[in-house]
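Participant: mmCIF, C-alpha atoms and all ligand atoms, file my_file_26.cif:
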data_structure
#
loop_
_atom_site.label_atom_id
_atom_site.label_comp_id
_atom_site.auth_asym_id
_atom_site.auth_seq_id
_atom_site.Cartn_x
_atom_site.Cartn_y
_atom_site.Cartn_z
CA MET A 1 22.72 30.11 -14.89
CA ASN A 2 20.41 28.44 -17.38
CA SER A 3 17.07 28.10 -15.60
CA GLY A 4 15.80 26.11 -18.60
CA ILE A 5 18.11 23.24 -17.64
CA LEU A 6 17.11 23.44 -13.98
CA MET A 7 13.45 23.25 -14.91
CA LYS A 8 13.84 20.28 -17.28
CA GLU A 9 10.98 17.90 -16.77
CA ILE A 10 12.16 14.35 -16.24
CA ILE A 11 10.27 11.08 -16.58
CA CYS A 12 10.54 8.19 -14.13
CA LEU A 13 9.46 4.60 -14.71
CA GLY A 14 8.62 2.86 -11.40
CA ILE A 15 8.37 -0.87 -10.79
CA GLU A 16 6.25 -2.43 -8.07
CA SER A 17 6.61 -6.11 -7.14
CA THR A 18 6.47 -6.37 -3.33
CA ALA A 19 3.61 -8.88 -3.18
CA HIS A 20 0.62 -9.79 -5.38
CA THR A 21 0.99 -7.06 -8.01
CA PHE A 22 3.52 -6.49 -10.75
CA GLY A 23 3.01 -2.88 -11.76
CA ILE A 24 4.76 -0.24 -13.81
CA GLY A 25 3.94 3.44 -13.47
CA ILE A 26 5.33 6.33 -15.49
CA VAL A 27 5.31 9.79 -13.93
CA THR A 28 6.83 13.18 -14.80
CA SER A 29 8.67 15.40 -12.34
CA LYS A 30 5.68 17.75 -12.49
CA GLY A 31 3.58 14.97 -10.97
CA LYS A 32 1.71 14.03 -14.15
CA VAL A 33 0.80 10.34 -14.33
CA LEU A 34 1.46 9.04 -17.85
CA ALA A 35 0.74 5.35 -17.24
CA ASN A 36 -0.34 2.96 -14.52
CA SER A 37 -0.17 -0.63 -15.80
CA MET A 38 -0.45 -3.63 -13.54
CA ASP A 39 -1.44 -7.25 -13.25
CA SER A 40 -2.33 -8.81 -9.89
CA PHE A 41 -2.07 -12.43 -8.81
CA LYS A 42 -5.49 -13.85 -7.90
CA THR A 43 -6.74 -17.23 -6.70
CA LYS A 44 -10.09 -18.96 -6.39
CA THR A 45 -8.87 -20.80 -3.30
CA GLY A 46 -5.70 -20.45 -1.22
CA GLY A 47 -3.52 -17.42 -0.61
CA LEU A 48 -0.23 -15.88 -1.70
CA ILE A 49 2.47 -18.50 -2.21
CA PRO A 50 5.85 -16.75 -2.70
CA ASN A 51 7.10 -18.81 -5.63
CA GLU A 52 3.73 -18.62 -7.38
CA LEU A 53 3.91 -14.83 -7.04
CA ALA A 54 7.34 -14.82 -8.65
CA ASP A 55 6.06 -17.03 -11.50
CA HIS A 56 3.14 -14.66 -11.99
CA HIS A 57 5.36 -11.58 -12.09
CA ASN A 58 7.82 -13.24 -14.47
CA LYS A 59 4.96 -14.15 -16.80
CA VAL A 60 3.44 -10.65 -16.97
CA LYS A 61 6.43 -8.31 -16.63
CA ASP A 62 7.24 -7.78 -20.32
CA LYS A 63 3.59 -7.29 -21.23
CA ILE A 64 3.19 -4.72 -18.43
CA LEU A 65 6.23 -2.76 -19.65
CA LYS A 66 4.87 -2.74 -23.19
CA ASN A 67 1.42 -1.60 -21.96
CA ALA A 68 2.90 1.14 -19.79
CA LEU A 69 5.02 2.59 -22.60
CA GLU A 70 2.10 2.38 -25.05
CA ASN A 71 -0.31 4.05 -22.60
CA ALA A 72 2.22 6.80 -21.90
CA LYS A 73 2.83 7.15 -25.66
CA ILE A 74 6.59 7.22 -25.13
CA LYS A 75 9.60 5.02 -25.89
CA LEU A 76 12.15 3.60 -23.49
CA LYS A 77 14.64 6.24 -24.69
CA ASP A 78 12.34 9.00 -23.28
CA ILE A 79 12.76 7.69 -19.72
CA ASP A 80 15.29 9.53 -17.49
CA LEU A 81 15.19 7.47 -14.32
CA VAL A 82 14.01 4.05 -13.12
CA SER A 83 12.84 3.28 -9.59
CA PHE A 84 11.74 0.05 -7.96
CA SER A 85 10.17 -1.16 -4.72
CA GLN A 86 13.14 -2.31 -2.67
CA GLY A 87 11.07 -3.41 0.34
CA PRO A 88 9.37 -4.33 2.54
CA GLY A 89 7.91 -7.30 0.73
CA ILE A 90 8.04 -10.98 -0.15
CA ALA A 91 11.59 -11.82 -1.26
CA PRO A 92 10.86 -13.97 -4.38
CA ALA A 93 8.42 -11.32 -5.64
CA LEU A 94 10.86 -8.47 -4.90
CA LEU A 95 13.64 -10.31 -6.72
CA VAL A 96 11.64 -10.34 -9.96
CA GLY A 97 11.47 -6.53 -9.74
CA LEU A 98 15.18 -6.24 -8.96
CA LYS A 99 16.27 -8.45 -11.87
CA PHE A 100 13.89 -6.67 -14.21
CA VAL A 101 15.15 -3.23 -13.22
CA LYS A 102 18.82 -4.22 -13.50
CA LYS A 103 18.32 -5.72 -16.95
CA LEU A 104 16.42 -2.65 -18.10
CA CYS A 105 19.09 -0.31 -16.78
CA LEU A 106 22.00 -2.30 -18.19
CA LYS A 107 20.33 -1.89 -21.57
CA THR A 108 19.56 1.83 -21.19
CA ASN A 109 22.28 2.99 -18.78
CA LEU A 110 19.65 4.80 -16.69
CA PRO A 111 20.09 5.58 -12.98
CA ILE A 112 18.18 3.46 -10.44
CA ALA A 113 16.42 4.66 -7.28
CA GLY A 114 15.49 1.93 -4.78
CA VAL A 115 12.44 3.12 -2.85
CA ASN A 116 10.58 2.13 0.30
CA HIS A 117 7.09 0.93 -0.55
CA CYS A 118 5.40 2.41 2.57
CA CYS A 119 6.97 5.87 2.08
CA ALA A 120 5.78 5.70 -1.55
CA HIS A 121 2.15 5.31 -0.39
CA LEU A 122 2.51 8.45 1.71
CA GLU A 123 4.17 10.52 -0.99
CA ILE A 124 1.70 9.61 -3.75
CA GLY A 125 -1.15 10.46 -1.37
CA LYS A 126 0.35 13.89 -0.72
CA LEU A 127 0.86 14.51 -4.43
CA LEU A 128 -2.61 13.48 -5.53
CA THR A 129 -4.71 14.87 -2.69
CA LYS A 130 -2.62 17.99 -1.97
CA SER A 131 -2.50 17.09 1.73
CA LYS A 132 0.53 18.73 3.32
CA ASP A 133 1.51 17.05 6.54
CA PRO A 134 -0.86 14.15 7.11
CA VAL A 135 -1.07 11.22 9.43
CA LEU A 136 -1.20 8.24 7.06
CA LEU A 137 -3.36 5.27 7.94
CA TYR A 138 -1.66 2.68 5.77
CA ALA A 139 -3.96 -0.33 5.72
CA SER A 140 -2.77 -2.82 3.15
CA GLY A 141 -2.37 -6.56 2.73
CA ALA A 142 0.90 -7.08 4.53
CA ASN A 143 1.34 -3.69 6.22
CA THR A 144 -0.74 -1.86 8.78
CA GLN A 145 0.91 1.27 10.14
CA ILE A 146 -0.03 4.74 11.31
CA ILE A 147 2.74 6.96 9.96
CA ALA A 148 3.55 10.65 10.24
CA TYR A 149 6.55 12.89 9.63
CA GLU A 150 8.58 13.95 12.65
CA ALA A 151 12.26 15.00 12.85
CA GLY A 152 13.57 13.79 9.50
CA LYS A 153 11.74 10.48 9.24
CA TYR A 154 8.31 9.04 8.65
CA ARG A 155 7.74 7.70 12.15
CA ILE A 156 5.51 4.76 12.93
CA PHE A 157 3.10 5.84 15.66
CA GLY A 158 1.25 2.56 15.76
CA GLU A 159 1.28 -0.71 13.87
CA THR A 160 0.09 -4.27 13.81
CA LEU A 161 1.93 -6.60 16.13
CA ASP A 162 1.28 -9.62 13.91
CA GLN A 163 -0.27 -9.69 10.45
CA GLY A 164 -1.43 -6.86 8.20
CA ILE A 165 -5.15 -6.07 8.21
CA GLY A 166 -5.59 -7.14 4.58
CA ASN A 167 -3.91 -10.50 5.20
CA PHE A 168 -6.13 -10.95 8.26
CA ILE A 169 -9.30 -10.21 6.25
CA ASP A 170 -8.11 -12.43 3.39
CA ALA A 171 -7.32 -15.27 5.82
CA PHE A 172 -10.87 -15.22 7.20
CA ALA A 173 -12.29 -14.92 3.68
CA ARG A 174 -10.27 -17.99 2.67
CA TYR A 175 -11.53 -19.87 5.73
CA ILE A 176 -15.15 -19.32 4.77
CA GLY A 177 -14.51 -20.30 1.15
CA LEU A 178 -14.00 -16.97 -0.62
CA GLY A 179 -10.88 -16.64 -2.82
CA PHE A 180 -8.13 -14.00 -2.90
CA PRO A 181 -8.48 -11.06 -2.53
CA GLY A 182 -11.17 -11.49 0.12
CA GLY A 183 -11.53 -7.86 1.25
CA PRO A 184 -14.03 -6.75 -1.41
CA LYS A 185 -16.12 -9.92 -0.91
CA ILE A 186 -16.21 -9.49 2.87
CA GLU A 187 -17.27 -5.86 2.32
CA GLN A 188 -20.20 -6.97 0.16
CA LEU A 189 -21.34 -9.57 2.71
CA ALA A 190 -20.94 -7.09 5.59
CA LEU A 191 -23.35 -4.68 3.88
CA LYS A 192 -26.18 -7.12 4.61
CA GLY A 193 -25.17 -7.72 8.25
CA ARG A 194 -27.30 -6.23 11.00
CA ASN A 195 -26.37 -8.09 14.19
CA TYR A 196 -23.14 -7.18 15.89
CA ILE A 197 -21.42 -10.25 17.36
CA GLU A 198 -18.92 -9.32 20.01
CA LEU A 199 -15.29 -9.99 19.02
CA PRO A 200 -12.04 -9.25 20.87
CA TYR A 201 -11.06 -5.60 20.47
CA VAL A 202 -7.27 -5.61 20.51
CA VAL A 203 -5.62 -2.21 20.89
CA LYS A 204 -2.40 -2.28 22.92
CA GLY A 205 -1.21 1.25 23.48
CA MET A 206 -0.86 2.53 19.93
CA ASP A 207 -0.52 -0.94 18.42
CA ILE A 208 -3.09 -3.42 17.24
CA SER A 209 -3.21 -7.15 16.74
CA PHE A 210 -5.41 -9.38 14.60
CA SER A 211 -4.40 -13.00 15.21
CA GLY A 212 -6.63 -13.49 18.29
CA ILE A 213 -9.59 -11.99 16.47
CA LEU A 214 -8.98 -14.35 13.56
CA THR A 215 -8.95 -17.37 15.90
CA ASP A 216 -12.17 -16.18 17.54
CA LEU A 217 -13.86 -15.60 14.16
CA LYS A 218 -12.88 -19.10 12.99
CA ARG A 219 -14.20 -20.67 16.18
CA LYS A 220 -17.47 -18.80 15.90
CA TYR A 221 -17.80 -19.77 12.23
CA ASP A 222 -17.10 -23.46 13.05
CA SER A 223 -19.67 -23.46 15.87
CA LYS A 224 -22.40 -22.85 13.23
CA LYS A 225 -24.19 -20.62 15.75
CA TYR A 226 -23.56 -17.48 13.70
CA ASN A 227 -24.14 -16.70 10.06
CA SER A 228 -21.21 -15.54 7.96
CA ILE A 229 -22.92 -12.26 7.01
CA ASP A 230 -23.08 -11.14 10.66
CA LEU A 231 -19.51 -12.34 11.23
CA CYS A 232 -18.24 -10.28 8.26
CA PHE A 233 -20.21 -7.26 9.50
CA SER A 234 -18.80 -7.64 13.02
CA LEU A 235 -15.27 -8.17 11.70
CA GLN A 236 -15.42 -4.85 9.84
CA GLU A 237 -17.03 -2.94 12.73
CA THR A 238 -14.39 -4.20 15.16
CA VAL A 239 -11.13 -3.91 13.27
CA PHE A 240 -11.98 -0.66 11.49
CA ALA A 241 -12.88 0.90 14.86
CA MET A 242 -9.45 -0.21 16.12
CA LEU A 243 -7.72 1.47 13.16
CA THR A 244 -9.78 4.64 13.56
CA GLU A 245 -9.00 4.79 17.27
CA VAL A 246 -5.22 4.61 16.86
CA SER A 247 -5.28 7.02 13.91
CA GLU A 248 -7.16 9.54 16.02
CA ARG A 249 -4.70 9.15 18.89
CA ALA A 250 -1.76 9.71 16.50
CA MET A 251 -3.45 12.90 15.27
CA ALA A 252 -4.04 14.08 18.83
CA HIS A 253 -0.46 13.30 19.83
CA THR A 254 1.21 14.97 16.85
CA GLY A 255 -1.27 17.84 16.60
CA LYS A 256 -1.64 17.11 12.89
CA LYS A 257 -4.88 18.16 11.27
CA GLU A 258 -4.95 15.85 8.25
CA LEU A 259 -5.67 12.14 7.84
CA LEU A 260 -4.63 10.38 4.63
CA LEU A 261 -5.59 6.83 3.69
CA GLY A 262 -3.34 4.39 1.84
CA GLY A 263 -3.29 0.66 1.11
CA GLY A 264 -5.84 -1.63 -0.51
CA VAL A 265 -8.06 -1.97 2.57
CA ALA A 266 -8.63 1.80 2.34
CA CYS A 267 -10.88 1.00 -0.66
CA ASN A 268 -13.43 -0.15 1.94
CA LYS A 269 -16.37 2.23 2.29
CA ARG A 270 -17.09 1.41 5.93
CA LEU A 271 -13.48 2.16 6.95
CA ARG A 272 -13.70 5.46 5.07
CA GLU A 273 -16.98 6.30 6.76
CA MET A 274 -15.56 5.73 10.25
CA CYS A 275 -12.46 7.81 9.49
CA ASN A 276 -14.59 10.55 7.99
CA ILE A 277 -16.76 10.79 11.12
CA MET A 278 -13.65 10.91 13.32
CA CYS A 279 -12.07 13.67 11.21
CA LYS A 280 -15.28 15.73 11.23
CA GLU A 281 -15.53 15.44 15.01
CA ARG A 282 -12.00 16.78 15.45
CA LYS A 283 -12.29 19.31 12.60
CA ALA A 284 -9.49 17.64 10.63
CA LYS A 285 -9.24 17.24 6.86
CA PHE A 286 -9.66 13.80 5.36
CA PHE A 287 -7.95 12.70 2.14
CA ILE A 288 -8.29 9.55 0.02
CA PRO A 289 -6.46 9.03 -3.30
CA GLU A 290 -8.27 7.16 -6.09
CA ASN A 291 -8.51 3.39 -5.58
CA GLN A 292 -5.93 2.66 -8.31
CA TYR A 293 -3.30 4.44 -6.13
CA LEU A 294 -4.41 2.82 -2.86
CA ILE A 295 -3.63 -0.70 -3.98
CA ASP A 296 -0.04 -1.58 -4.89
CA ASN A 297 0.96 0.08 -8.16
CA GLY A 298 3.98 1.40 -10.03
CA VAL A 299 2.92 5.07 -10.00
CA ASN A 300 3.57 5.32 -6.24
CA ILE A 301 7.06 3.96 -6.84
CA ALA A 302 7.75 6.19 -9.85
CA TRP A 303 6.78 9.33 -7.92
CA LEU A 304 9.06 8.52 -4.98
CA GLY A 305 11.77 7.79 -7.58
CA ILE A 306 11.31 11.35 -8.87
CA LEU A 307 11.60 12.74 -5.32
CA MET A 308 14.74 10.65 -4.71
CA LYS A 309 16.37 11.37 -8.07
CA LYS A 310 19.46 12.98 -6.51
CA THR A 311 20.41 9.73 -4.78
CA ALA A 312 19.72 7.45 -7.76
CA LYS A 313 22.69 5.21 -8.65
CA LYS A 314 24.39 4.39 -11.92
CA ASN A 315 26.52 1.73 -10.31
CA TYR A 316 24.05 -1.14 -10.02
CA LYS A 317 26.29 -3.60 -8.18
CA GLY A 318 25.32 -2.73 -4.59
CA ILE A 319 21.59 -2.45 -5.30
CA ASP A 320 19.59 -5.19 -3.63
CA ILE A 321 16.13 -5.94 -2.23
CA LYS A 322 15.30 -5.10 1.41
CA PRO A 323 12.42 -7.43 2.38
CA TYR A 324 12.35 -6.30 6.03
CA GLU A 325 12.99 -2.58 5.58
CA ARG A 326 10.93 -0.45 7.95
CA THR A 327 9.39 2.92 7.21
CA ASP A 328 11.40 4.52 10.01
CA ASP A 329 14.70 3.10 8.67
CA ILE A 330 14.53 5.71 5.92
CA LYS A 331 16.10 9.12 6.39
CA ILE A 332 13.91 11.51 4.42
CA ASN A 333 16.32 13.57 2.34
CA TRP A 334 13.88 14.59 -0.38
CA LYS A 335 11.57 16.99 1.46
P1 LIG B 401 -2.45 -3.80 -1.08
O1 LIG B 401 -1.58 -4.82 -0.39
O2 LIG B 401 -2.28 -2.42 -0.52
O3 LIG B 401 -2.37 -3.81 -2.56
O4 LIG B 401 -3.94 -4.19 -0.73
C1 LIG B 401 -4.45 -5.47 -0.95
C2 LIG B 401 -5.38 -5.83 0.18
O5 LIG B 401 -6.51 -4.94 0.15
C3 LIG B 401 -5.94 -7.23 0.09
O6 LIG B 401 -5.76 -7.82 1.35
C4 LIG B 401 -7.42 -7.01 -0.23
O7 LIG B 401 -8.27 -8.00 0.31
C5 LIG B 401 -7.67 -5.67 0.44
N1 LIG B 401 -8.83 -4.96 -0.10
C6 LIG B 401 -9.05 -4.54 -1.36
N2 LIG B 401 -10.27 -3.97 -1.47
C7 LIG B 401 -10.84 -4.04 -0.25
C8 LIG B 401 -12.10 -3.65 0.30
N3 LIG B 401 -13.03 -3.07 -0.46
N4 LIG B 401 -12.32 -3.88 1.61
C9 LIG B 401 -11.39 -4.47 2.39
N5 LIG B 401 -10.21 -4.88 1.93
C10 LIG B 401 -9.93 -4.66 0.64
MG MG B 402 1.08 -1.35 -0.47
#
What would you get if you wrote out this structure as C-alpha cells?
Facilitator:
Amino acid sequence: MNSGILMKEIICLGIESTAHTFGIGIVTSKGKVLANSMDSFKTKTGGLIPNELADHHNKVKDKILKNALENAKIKLKDIDLVSFSQGPGIAPALLVGLKFVKKLCLKTNLPIAGVNHCCAHLEIGKLLTKSKDPVLLYASGANTQIIAYEAGKYRIFGETLDQGIGNFIDAFARYIGLGFPGGPKIEQLALKGRNYIELPYVVKGMDISFSGILTDLKRKYDSKKYNSIDLCFSLQETVFAMLTEVSERAMAHTGKKELLLGGGVACNKRLREMCNIMCKERKAKFFIPENQYLIDNGVNIAWLGILMKKTAKKNYKGIDIKPYERTDDIKINWK
C-alpha cells in the first residue's frame, strides 16, 4: 500500500453565509488555516433583514473569494474539496452560499460537503484549543446551546427557548439607540455600571429564555428611572450567570472536565470571567478560540468539510439548504 497517497494533504475551501457574515476559509487536512476572509453586514440603526443580508452577501462574495485565494497564496485548481454552511440559518442568506458553492463546483468539478454550522463551531474549537471532549457553550447571535458529545451525536443539554442571546442583546441595544452589532457596545457601557438592577432570572430546567428579560429591560428603560449603563451592566450579570449555571450543570451531568466557548457573544470578557471562575471551582479546563473563530467565519466550515470529506458529494442535484437543522439531527460519522 502506498502510504504517501494515504497521507496526501488536502485543502478545503469553506463558505459561511448563515446570517450576517459572508466568509470563506481555506484549511488543510493537517489543520493549518491558510485564509479567513469575511465581510459582515452592519447597520447604524435596525437589525438583520433577510433580503438585505442576501444583497450584502451577493455584493461581497466574489471579492471574498479573491481575497481568500490571495491570502492563502493558492489558485482555485489547488482546492480539493468545498464545504458550505447548510444550516441552521436565515434562508435568503443561506441560499447565496448554496448558489455560490454550486456554481464554483460546476466550474471545478469539486466535491461538496454540506455542514452543520453549530457542529462546525465545536470542531474548530477542538482543533484550535486542543480540547478533547468539551462541553460547548455556544453563545451566538441566533443560537444559544450547551452541547456535548454522547452516543454518536452532539447532544443539546440546554438551549434557549426563544431567541439567541446575541439577538437578545442586539435587540436591547437597538432599543436604546445603538446599531448592529450591539454586543460590543453593551459590553463597553456595562464596564462603567456599578448598580445591579434586579431583572428576571429565567432558567427552566436546563433551558433558558430571554424574551421576558427583554420586555422588562425595555420597560425599565422607558420608565426613565434607571440609567442605561446600569441596565447594560445588569443585563450582562443576569444572562451570563444563566449561561454559566446551565453550562456547569451540563458538565456535572456528563462528568466532562472541559468547557469550550463558541459564538460571537463568547468574545465578551465578563462572560469569559464568569465561566473561568466556574471552571476553576470545579477544577475543569477552560478553552476559548481566538475571536476570529468565535464569530461566524468560513474556517469553521472548511475544517468540518475536511472532517466530513468521505461523505462529500459530486452529484450536486440533491444538495440544499437546511435552515432549521438542529445540532442533534446530525449523526457524527467523522470522529
Ligand atoms: P455570531 O452570530 O456567532 O457571529 O455572533 C454575533 C453576535 O455576537 C452578535 O449578536 C453580536 O452582538 C455578539 N457579540 C459580538 N461581540 C460581543 C461582545 N463583546 N459581547 C457581547 N456580544 C457580542
Ligand atoms: Mg455561529
Participant: Quick one: pull the distance between atom CA of A:Leu136 and atom CA of A:Leu13, Å, one decimal.
Facilitator: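 Taking atom CA of A:Leu136 and atom CA of A:Leu13, their separation equals 24.5 Å.
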Participant: I'd like the neighbourhood of A:Ser37 as number ranges by chain, where a residue qualifies if any of its atoms comes within 12 Å (using all atoms listed in the file), though same-chain residues fewer than 5 positions away should be ignored.
Facilitator: A: 13-16, 21-27, 60-72, 292-293, 296-300
Participant: Using all atoms listed in the file, what table do you get, as a Markdown table, when you list each residue of chain A with an atom no more than 9 Å from ligand MG 402 (chain B), its nearest pair of atoms, and their distance in Å rounded to one decimal, rows by chain then rising number?
Facilitator:
| residue | atom | partner | partner_atom | distance |
| --- | --- | --- | --- | --- |
| A:Thr18 | CA | B:MG402 | MG | 7.9 |
| A:Ala19 | CA | B:MG402 | MG | 8.4 |
| A:His117 | CA | B:MG402 | MG | 6.4 |
| A:Cys118 | CA | B:MG402 | MG | 6.5 |
| A:Ala120 | CA | B:MG402 | MG | 8.5 |
| A:His121 | CA | B:MG402 | MG | 6.7 |
| A:Tyr138 | CA | B:MG402 | MG | 7.9 |
| A:Ala139 | CA | B:MG402 | MG | 8.0 |
| A:Ser140 | CA | B:MG402 | MG | 5.5 |
| A:Gly141 | CA | B:MG402 | MG | 7.0 |
| A:Ala142 | CA | B:MG402 | MG | 7.6 |
| A:Asn143 | CA | B:MG402 | MG | 7.1 |
| A:Gly262 | CA | B:MG402 | MG | 7.6 |
| A:Gly263 | CA | B:MG402 | MG | 5.1 |
| A:Gly264 | CA | B:MG402 | MG | 6.9 |
| A:Leu294 | CA | B:MG402 | MG | 7.3 |
| A:Ile295 | CA | B:MG402 | MG | 5.9 |
| A:Asp296 | CA | B:MG402 | MG | 4.6 |
| A:Asn297 | CA | B:MG402 | MG | 7.8 |
Participant: Kindly indicate which residue among A:Phe157, A:Asp328, A:His56, A:Leu189 lies nearest to A:Ala252, using all atoms listed in the file for the distances.
Facilitator: A:Phe157
Participant: Determine, for each residue of stretch 99-176 of chain A having at least one atom at most 12 Å from an atom of stretch 209-221 of chain A, the closest pair of atoms and their separation in Å to one decimal, counting all atoms listed in the file; order by chain and ascending number, as a Markdown table.
Facilitator:
| residue | atom | partner | partner_atom | distance |
| --- | --- | --- | --- | --- |
| A:Asn143 | CA | A:Ser209 | CA | 12.0 |
| A:Thr144 | CA | A:Ser209 | CA | 9.9 |
| A:Gln145 | CA | A:Ser209 | CA | 11.5 |
| A:Gly158 | CA | A:Ser209 | CA | 10.7 |
| A:Glu159 | CA | A:Ser209 | CA | 8.4 |
| A:Thr160 | CA | A:Ser209 | CA | 5.3 |
| A:Leu161 | CA | A:Ser209 | CA | 5.2 |
| A:Asp162 | CA | A:Ser209 | CA | 5.9 |
| A:Gln163 | CA | A:Phe210 | CA | 6.6 |
| A:Gly164 | CA | A:Phe210 | CA | 7.9 |
| A:Ile165 | CA | A:Phe210 | CA | 7.2 |
| A:Gly166 | CA | A:Phe210 | CA | 10.3 |
| A:Asn167 | CA | A:Phe210 | CA | 9.6 |
| A:Phe168 | CA | A:Phe210 | CA | 6.6 |
| A:Ile169 | CA | A:Leu214 | CA | 8.4 |
| A:Asp170 | CA | A:Leu214 | CA | 10.4 |
| A:Ala171 | CA | A:Leu214 | CA | 8.0 |
| A:Phe172 | CA | A:Leu214 | CA | 6.7 |
| A:Ala173 | CA | A:Lys218 | CA | 10.2 |
| A:Arg174 | CA | A:Lys218 | CA | 10.7 |
| A:Tyr175 | CA | A:Lys218 | CA | 7.4 |
| A:Ile176 | CA | A:Tyr221 | CA | 7.9 |
Participant: What lies within 7 Å of A:Ser29 using all atoms listed in the file, ignoring chain neighbours under 6 positions off, as number ranges by chain?
Facilitator: A: 9-11, 306
Participant: Quote the spacing between atom CA of A:Val96 and atom CA of A:Asp55 in Å to one decimal place.
Facilitator: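 According to the coordinates, atom CA of A:Val96 and atom CA of A:Asp55 are separated by 8.8 Å.
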Participant: With 12 Å as the threshold, what does the neighbourhood of (-16.3, -5.4, -1.6) contain in terms of residues, counting all atoms listed in the file? Coordinates are those of the file; answer as a ChimeraX atom specification.
Facilitator: /A:169-170,173,178,180-192,232-233,236,264-271
Participant: With distances taken over only C-alpha atoms and all ligand atoms, which of A:Leu110, A:Met251, A:Leu261, A:Val101 is nearest to ligand LIG 401 (chain B)?
Facilitator: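 Distance minimum relative to ligand LIG 401 (chain B) lands on A:Leu261.
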Participant: Taking every listed atom of stretch 143-158 of chain A and adding 3 Å to each side, what centre and edge lengths in Å (one decimal) does the axis-aligned box have, as lines of an AutoDock Vina configuration file?
Facilitator:
center_x = 6.4
center_y = 5.7
center_z = 11.0
size_x = 20.3
size_y = 24.7
size_z = 15.5
Participant: I need the residue nearest ligand LIG 401 (chain B) from this list: A:Leu137, A:Met278, A:Ile79, A:Ala113. Use all atoms listed in the file for the distance.
Facilitator: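 Once distances to ligand LIG 401 (chain B) are computed over all atoms listed in the file, the minimum belongs to A:Leu137.
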Participant: Interatomic distance between atom C2 of ligand LIG 401 (chain B) and atom CA of A:Lys42?
Facilitator: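 Answer for the atom C2 of ligand LIG 401 (chain B) to atom CA of A:Lys42 separation: 11.4 Å.
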Participant: For A:Thr311, which of A:Lys130, A:Lys103, A:Lys331, A:Arg326 is the closest residue, counting all atoms listed in the file?
Facilitator: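 Looking at the shortest contact to A:Thr311, the residue is A:Lys331.
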Participant: I need the residue nearest A:Met308 from this list: A:Leu98, A:Ala35, A:Ile156, A:Val82. Use all atoms listed in the file for the distance.
Facilitator: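 Comparing A:Leu98, A:Ala35, A:Ile156, A:Val82 against A:Met308, the winner is A:Val82.
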Participant: So, with only C-alpha atoms and all ligand atoms as the atoms that count, which of A:Lys102, A:His20, A:Lys280, A:Lys132 lies closest to ligand LIG 401 (chain B)?
Facilitator: A:His20
